[in-house]
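> Below you'll find target_37.cif; it's mmCIF, C-alpha atoms and all ligand atoms.
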```
data_final
#
loop_
_atom_site.label_atom_id
_atom_site.label_comp_id
_atom_site.auth_asym_id
_atom_site.auth_seq_id
_atom_site.Cartn_x
_atom_site.Cartn_y
_atom_site.Cartn_z
CA MET Z 1 1.93 -3.99 17.22
CA LYS Z 2 3.66 -1.44 15.00
CA LEU Z 3 2.27 -1.03 11.49
CA LEU Z 4 3.89 0.95 8.71
CA PHE Z 5 1.67 2.16 5.85
CA LEU Z 6 3.67 2.75 2.69
CA ASN Z 7 2.30 4.36 -0.45
CA GLY Z 8 4.17 4.55 -3.72
CA VAL Z 9 3.99 6.50 -6.91
CA ASN Z 10 1.01 8.83 -7.54
CA LEU Z 11 -0.78 7.88 -4.31
CA ASN Z 12 -0.14 11.46 -3.14
CA MET Z 13 -2.67 12.45 -5.83
CA THR Z 14 -5.46 10.43 -4.20
CA GLY Z 15 -8.60 12.53 -3.95
CA ARG Z 16 -7.50 14.62 -6.91
CA ARG Z 17 -6.88 12.01 -9.64
CA GLU Z 18 -9.37 9.59 -11.23
CA LYS Z 19 -11.94 10.23 -8.53
CA GLY Z 20 -14.29 7.62 -9.98
CA VAL Z 21 -11.62 4.99 -9.32
CA TYR Z 22 -9.89 6.20 -6.15
CA GLY Z 23 -12.54 8.36 -4.48
CA THR Z 24 -12.50 11.97 -3.36
CA GLN Z 25 -10.70 11.69 -0.04
CA THR Z 26 -7.06 12.76 0.04
CA LEU Z 27 -4.33 10.42 1.24
CA GLU Z 28 -3.99 12.60 4.34
CA GLU Z 29 -7.69 12.15 5.12
CA ILE Z 30 -7.48 8.41 4.55
CA ASN Z 31 -4.37 8.19 6.75
CA ALA Z 32 -6.20 10.06 9.52
CA GLU Z 33 -8.95 7.41 9.42
CA ILE Z 34 -6.37 4.63 9.43
CA ALA Z 35 -4.63 6.23 12.43
CA ALA Z 36 -7.93 6.36 14.36
CA PHE Z 37 -8.65 2.73 13.39
CA CYS Z 38 -5.24 1.59 14.64
CA LYS Z 39 -5.42 3.67 17.83
CA ALA Z 40 -8.82 2.14 18.69
CA ARG Z 41 -7.18 -1.29 18.40
CA GLY Z 42 -4.09 -0.40 20.42
CA ALA Z 43 -1.76 -0.50 17.43
CA GLU Z 44 0.92 2.06 16.61
CA CYS Z 45 1.05 3.26 13.05
CA SER Z 46 3.23 5.39 10.82
CA PHE Z 47 2.91 6.57 7.24
CA TYR Z 48 5.21 7.30 4.32
CA GLN Z 49 4.56 8.13 0.67
CA THR Z 50 7.08 8.59 -2.10
CA ASN Z 51 7.02 8.80 -5.87
CA ILE Z 52 10.58 7.49 -6.03
CA GLU Z 53 11.10 3.75 -6.42
CA GLY Z 54 14.43 3.61 -4.57
CA GLU Z 55 13.03 5.57 -1.64
CA LEU Z 56 10.25 3.03 -1.30
CA CYS Z 57 12.85 0.24 -1.27
CA THR Z 58 14.86 2.09 1.39
CA ALA Z 59 11.74 2.59 3.50
CA ILE Z 60 11.16 -1.17 3.43
CA GLN Z 61 14.80 -1.94 4.23
CA GLN Z 62 14.80 0.48 7.18
CA ALA Z 63 11.31 -0.25 8.49
CA ASP Z 64 10.92 -0.58 12.24
CA ALA Z 65 7.56 -2.36 12.20
CA ASP Z 66 5.85 -5.67 12.88
CA GLY Z 67 3.97 -5.38 9.61
CA ILE Z 68 3.98 -3.28 6.46
CA ILE Z 69 0.88 -2.38 4.48
CA LEU Z 70 2.02 -1.43 1.00
CA ASN Z 71 0.19 0.22 -1.86
CA ALA Z 72 2.99 0.46 -4.38
CA GLY Z 73 0.83 2.03 -7.10
CA ALA Z 74 2.13 1.32 -10.60
CA PHE Z 75 5.46 0.03 -9.19
CA THR Z 76 3.41 -3.08 -8.35
CA HIS Z 77 3.31 -4.07 -11.97
CA TYR Z 78 7.00 -3.85 -12.91
CA SER Z 79 9.37 -3.09 -10.05
CA TYR Z 80 11.68 -6.04 -9.47
CA ALA Z 81 13.71 -3.74 -7.20
CA LEU Z 82 10.68 -3.40 -4.94
CA ARG Z 83 10.08 -7.14 -5.07
CA ASP Z 84 13.67 -7.77 -3.96
CA ALA Z 85 13.39 -5.15 -1.19
CA ILE Z 86 10.31 -6.92 0.20
CA ALA Z 87 12.06 -10.29 -0.03
CA SER Z 88 15.10 -8.87 1.79
CA VAL Z 89 13.30 -8.15 5.07
CA ASP Z 90 11.71 -10.47 7.61
CA ILE Z 91 8.75 -8.14 8.14
CA PRO Z 92 5.49 -9.41 6.62
CA VAL Z 93 4.18 -7.14 3.89
CA VAL Z 94 0.54 -7.02 2.82
CA GLU Z 95 -0.05 -5.70 -0.70
CA VAL Z 96 -2.96 -3.30 -1.00
CA HIS Z 97 -4.84 -1.72 -3.88
CA MET Z 98 -7.84 0.56 -3.57
CA SER Z 99 -9.20 -0.46 -6.96
CA ASN Z 100 -9.92 -3.95 -8.27
CA VAL Z 101 -6.87 -4.19 -10.51
CA HIS Z 102 -8.30 -7.32 -12.16
CA ALA Z 103 -11.26 -5.37 -13.51
CA ARG Z 104 -9.11 -2.71 -15.18
CA GLU Z 105 -6.47 -2.50 -17.93
CA PRO Z 106 -4.63 -5.77 -18.70
CA PHE Z 107 -1.26 -4.40 -17.54
CA ARG Z 108 -2.65 -4.12 -13.99
CA GLU Z 109 -3.37 -7.88 -13.91
CA LYS Z 110 0.26 -8.63 -13.16
CA SER Z 111 1.80 -7.92 -9.78
CA VAL Z 112 5.52 -8.65 -9.49
CA ILE Z 113 5.35 -8.24 -5.70
CA SER Z 114 2.43 -10.56 -4.76
CA GLU Z 115 4.66 -13.60 -4.62
CA VAL Z 116 6.82 -12.11 -1.84
CA CYS Z 117 3.92 -10.57 0.08
CA LYS Z 118 2.02 -12.27 2.87
CA GLY Z 119 -1.29 -11.53 1.17
CA THR Z 120 -3.18 -9.04 -0.94
CA VAL Z 121 -6.25 -6.91 -0.28
CA LEU Z 122 -7.75 -5.11 -3.25
CA GLY Z 123 -10.90 -3.50 -4.54
CA PHE Z 124 -12.33 -2.04 -1.32
CA GLY Z 125 -11.26 1.58 -1.74
CA LYS Z 126 -9.72 3.08 1.39
CA ASN Z 127 -11.07 0.09 3.33
CA SER Z 128 -8.43 -2.05 1.61
CA TYR Z 129 -5.91 -0.42 3.99
CA LEU Z 130 -8.11 -1.10 7.03
CA LEU Z 131 -8.72 -4.72 6.07
CA ALA Z 132 -4.99 -5.22 5.57
CA ALA Z 133 -4.33 -3.68 9.00
CA GLU Z 134 -6.97 -5.94 10.51
CA SER Z 135 -5.09 -8.98 9.17
CA PHE Z 136 -2.27 -8.13 11.59
CA LEU Z 137 -4.63 -7.46 14.50
CA LEU Z 138 -6.87 -10.55 14.40
C1 LIG Z 201 -3.44 1.11 -7.32
C2 LIG Z 201 -3.63 0.33 -8.62
C3 LIG Z 201 -2.44 0.50 -9.53
O1 LIG Z 201 -2.62 -0.23 -10.74
C4 LIG Z 201 -2.27 1.97 -9.90
O2 LIG Z 201 -1.12 2.15 -10.70
C5 LIG Z 201 -2.26 2.86 -8.71
C6 LIG Z 201 -3.16 2.58 -7.60
C7 LIG Z 201 -4.70 1.04 -6.43
O3 LIG Z 201 -4.62 1.45 -5.26
O4 LIG Z 201 -5.76 0.63 -6.90
O5 LIG Z 201 -1.58 3.88 -8.70
O6 LIG Z 201 -2.36 0.55 -6.60
#
```
Go ahead and express the file in the form of structure tokens.
Ligand code: DQA

Amino acid sequence: MKLLFLNGVNLNMTGRREKGVYGTQTLEEINAEIAAFCKARGAECSFYQTNIEGELCTAIQQADADGIILNAGAFTHYSYALRDAIASVDIPVVEVHMSNVHAREPFREKSVISEVCKGTVLGFGKNSYLLAAESFLL
């Protein structure tokens, strides 16, 4: 099982921005925990983060994976390009958010990608990524 963990805009600031919302661990530290989690379960994993919408679409188009775990950041709420990129591949994509987007500002209520994703995991901090990974490994 090959899993690709994709992070979109501003996720590179994790651990340094809005610590009360996203925690104090950096994305690199979180990815190291995810890698150990996947290794322990015999899954291969790879990671990519970009702040550029088109690069995220290209990463989805070119993915060599059995499953994609995607935290698109704010692109979630408005990127029809990302929605179409997800719809264009046969690889199941699980949408992830560290925060509970439904308990925050109204603009975060709407996800334009949920409809084309296999499922969504949100509100569990870094564990949202692990729970999403687990959904492919059950
Ligand atoms: C986020 C939630 C988004 O609304 C926000 O724009 C992010 C992070 C999350 O992980 O909770 O950048 O996707």
> Using all atoms listed in the file, which of the listed residues (Z:Arg108, Z:Lys39, Z:Lys126, Z:Lys2) sits closest to ligand LIG 201 (chain Z)?
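Under the stated criterion, the closest residue is Z:Arg108.
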> Take the point (-8.5, -8.6, 16.3) as written in the file and pick out every residue within 12 Å of it, counting all atoms listed in the file; give the list as a list in words.
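Residues close enough to count: Met1, Phe37, Cys38, Ala40, Arg41, Gly42, Ala43, Leu130, Leu131, Ala132, Ala133, Glu134, Ser135, Phe136, Leu137 and Leu138 of chain Z.
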> When distances are computed from only C-alpha atoms, which of Z:Val9, Z:Pro92, Z:Glu105, Z:Ala63 shows the smallest separation from Gln49 of chain Z?
Z:Val9
> Rank Z:Ala85, Z:Val94, Z:Gly8, Z:Tyr78 by their smallest atom-to-atom distance to Asp66 of chain Z, using all atoms listed in the file, and report the top residue only.
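Smallest distance to Asp66 of chain Z is found for Z:Val94.
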> In terms of the shortest atom-to-atom distance over all atoms listed in the file, which of Z:Glu115, Z:Glu18, Z:Glu44, Z:Glu55 is closest to ligand LIG 201 (chain Z)?
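Looking at the shortest contact to ligand LIG 201 (chain Z), the residue is Z:Glu18.
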> Once you count all atoms listed in the file, which residues end up within 8 Å of ligand LIG 201 (chain Z), and could you hand them over as JSON, numbers by chain?
{"Z": [8, 9, 10, 11, 21, 22, 71, 72, 73, 74, 75, 76, 77, 96, 97, 98, 99, 100, 101, 108, 122, 123, 125]}
> How would the residues just picked look written out with C-alpha atoms as a PDB file, in the coordinates of the input?

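Output (again.pdb):
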```pdb
ATOM      1  CA  GLY Z   8       4.170   4.550  -3.720  1.00  0.00           C
ATOM      2  CA  VAL Z   9       3.990   6.500  -6.910  1.00  0.00           C
ATOM      3  CA  ASN Z  10       1.010   8.830  -7.540  1.00  0.00           C
ATOM      4  CA  LEU Z  11      -0.780   7.880  -4.310  1.00  0.00           C
ATOM      5  CA  VAL Z  21     -11.620   4.990  -9.320  1.00  0.00           C
ATOM      6  CA  TYR Z  22      -9.890   6.200  -6.150  1.00  0.00           C
ATOM      7  CA  ASN Z  71       0.190   0.220  -1.860  1.00  0.00           C
ATOM      8  CA  ALA Z  72       2.990   0.460  -4.380  1.00  0.00           C
ATOM      9  CA  GLY Z  73       0.830   2.030  -7.100  1.00  0.00           C
ATOM     10  CA  ALA Z  74       2.130   1.320 -10.600  1.00  0.00           C
ATOM     11  CA  PHE Z  75       5.460   0.030  -9.190  1.00  0.00           C
ATOM     12  CA  THR Z  76       3.410  -3.080  -8.350  1.00  0.00           C
ATOM     13  CA  HIS Z  77       3.310  -4.070 -11.970  1.00  0.00           C
ATOM     14  CA  VAL Z  96      -2.960  -3.300  -1.000  1.00  0.00           C
ATOM     15  CA  HIS Z  97      -4.840  -1.720  -3.880  1.00  0.00           C
ATOM     16  CA  MET Z  98      -7.840   0.560  -3.570  1.00  0.00           C
ATOM     17  CA  SER Z  99      -9.200  -0.460  -6.960  1.00  0.00           C
ATOM     18  CA  ASN Z 100      -9.920  -3.950  -8.270  1.00  0.00           C
ATOM     19  CA  VAL Z 101      -6.870  -4.190 -10.510  1.00  0.00           C
ATOM     20  CA  ARG Z 108      -2.650  -4.120 -13.990  1.00  0.00           C
ATOM     21  CA  LEU Z 122      -7.750  -5.110  -3.250  1.00  0.00           C
ATOM     22  CA  GLY Z 123     -10.900  -3.500  -4.540  1.00  0.00           C
ATOM     23  CA  GLY Z 125     -11.260   1.580  -1.740  1.00  0.00           C
TER      24      GLY Z 125
END
```
> Could you list, as a list in words, every residue within 9 Å of Ser114 of chain Z, counting only C-alpha atoms and ignoring same-chain residues fewer than 3 positions away?
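Skipping anything fewer than 3 positions along the chain leaves Thr76, Arg83, Val94, Glu95, Lys110, Ser111, Cys117, Lys118, Gly119 and Thr120 of chain Z.
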> Go through Z:Tyr80, Z:Ala87, Z:Met13, Z:Asp64 one by one, measure the shortest atom-to-atom distance of each to Gln25 of chain Z using all atoms listed in the file, and give the residue with the smallest value.
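Using all atoms listed in the file, Gln25 of chain Z sits closest to Z:Met13.
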> What gap, in Å, lies between atom CA of Gln62 of chain Z and atom CA of Val89 of chain Z?
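Atom CA of Gln62 of chain Z sits 9.0 Å away from atom CA of Val89 of chain Z.
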> Would you work out the distance separating atom CA of Pro106 of chain Z from atom CA of Gly54 of chain Z, expressed in Å to one decimal?
25.5 Å
> Interatomic distance between atom CA of Thr26 of chain Z and atom CA of Tyr129 of chain Z?
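Computing the Euclidean distance for atom CA of Thr26 of chain Z and atom CA of Tyr129 of chain Z yields 13.8 Å.
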> Looking at all atoms listed in the file, which of Z:Tyr48, Z:Ser79, Z:Val112, Z:His102 is the one that sits closest to Asn31 of chain Z?
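That would be Z:Tyr48, the residue with the smallest distance to Asn31 of chain Z.
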> Counting all atoms listed in the file, write as a list in words all protein and nucleic acid residues lying at most 6 Å from (3.1, -2.0, 9.2) in the file's frame.
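The residues that fall inside the cut-off are Lys2, Leu3, Leu4, Phe5, Ala65, Asp66, Gly67, Ile68 and Ile69 of chain Z.
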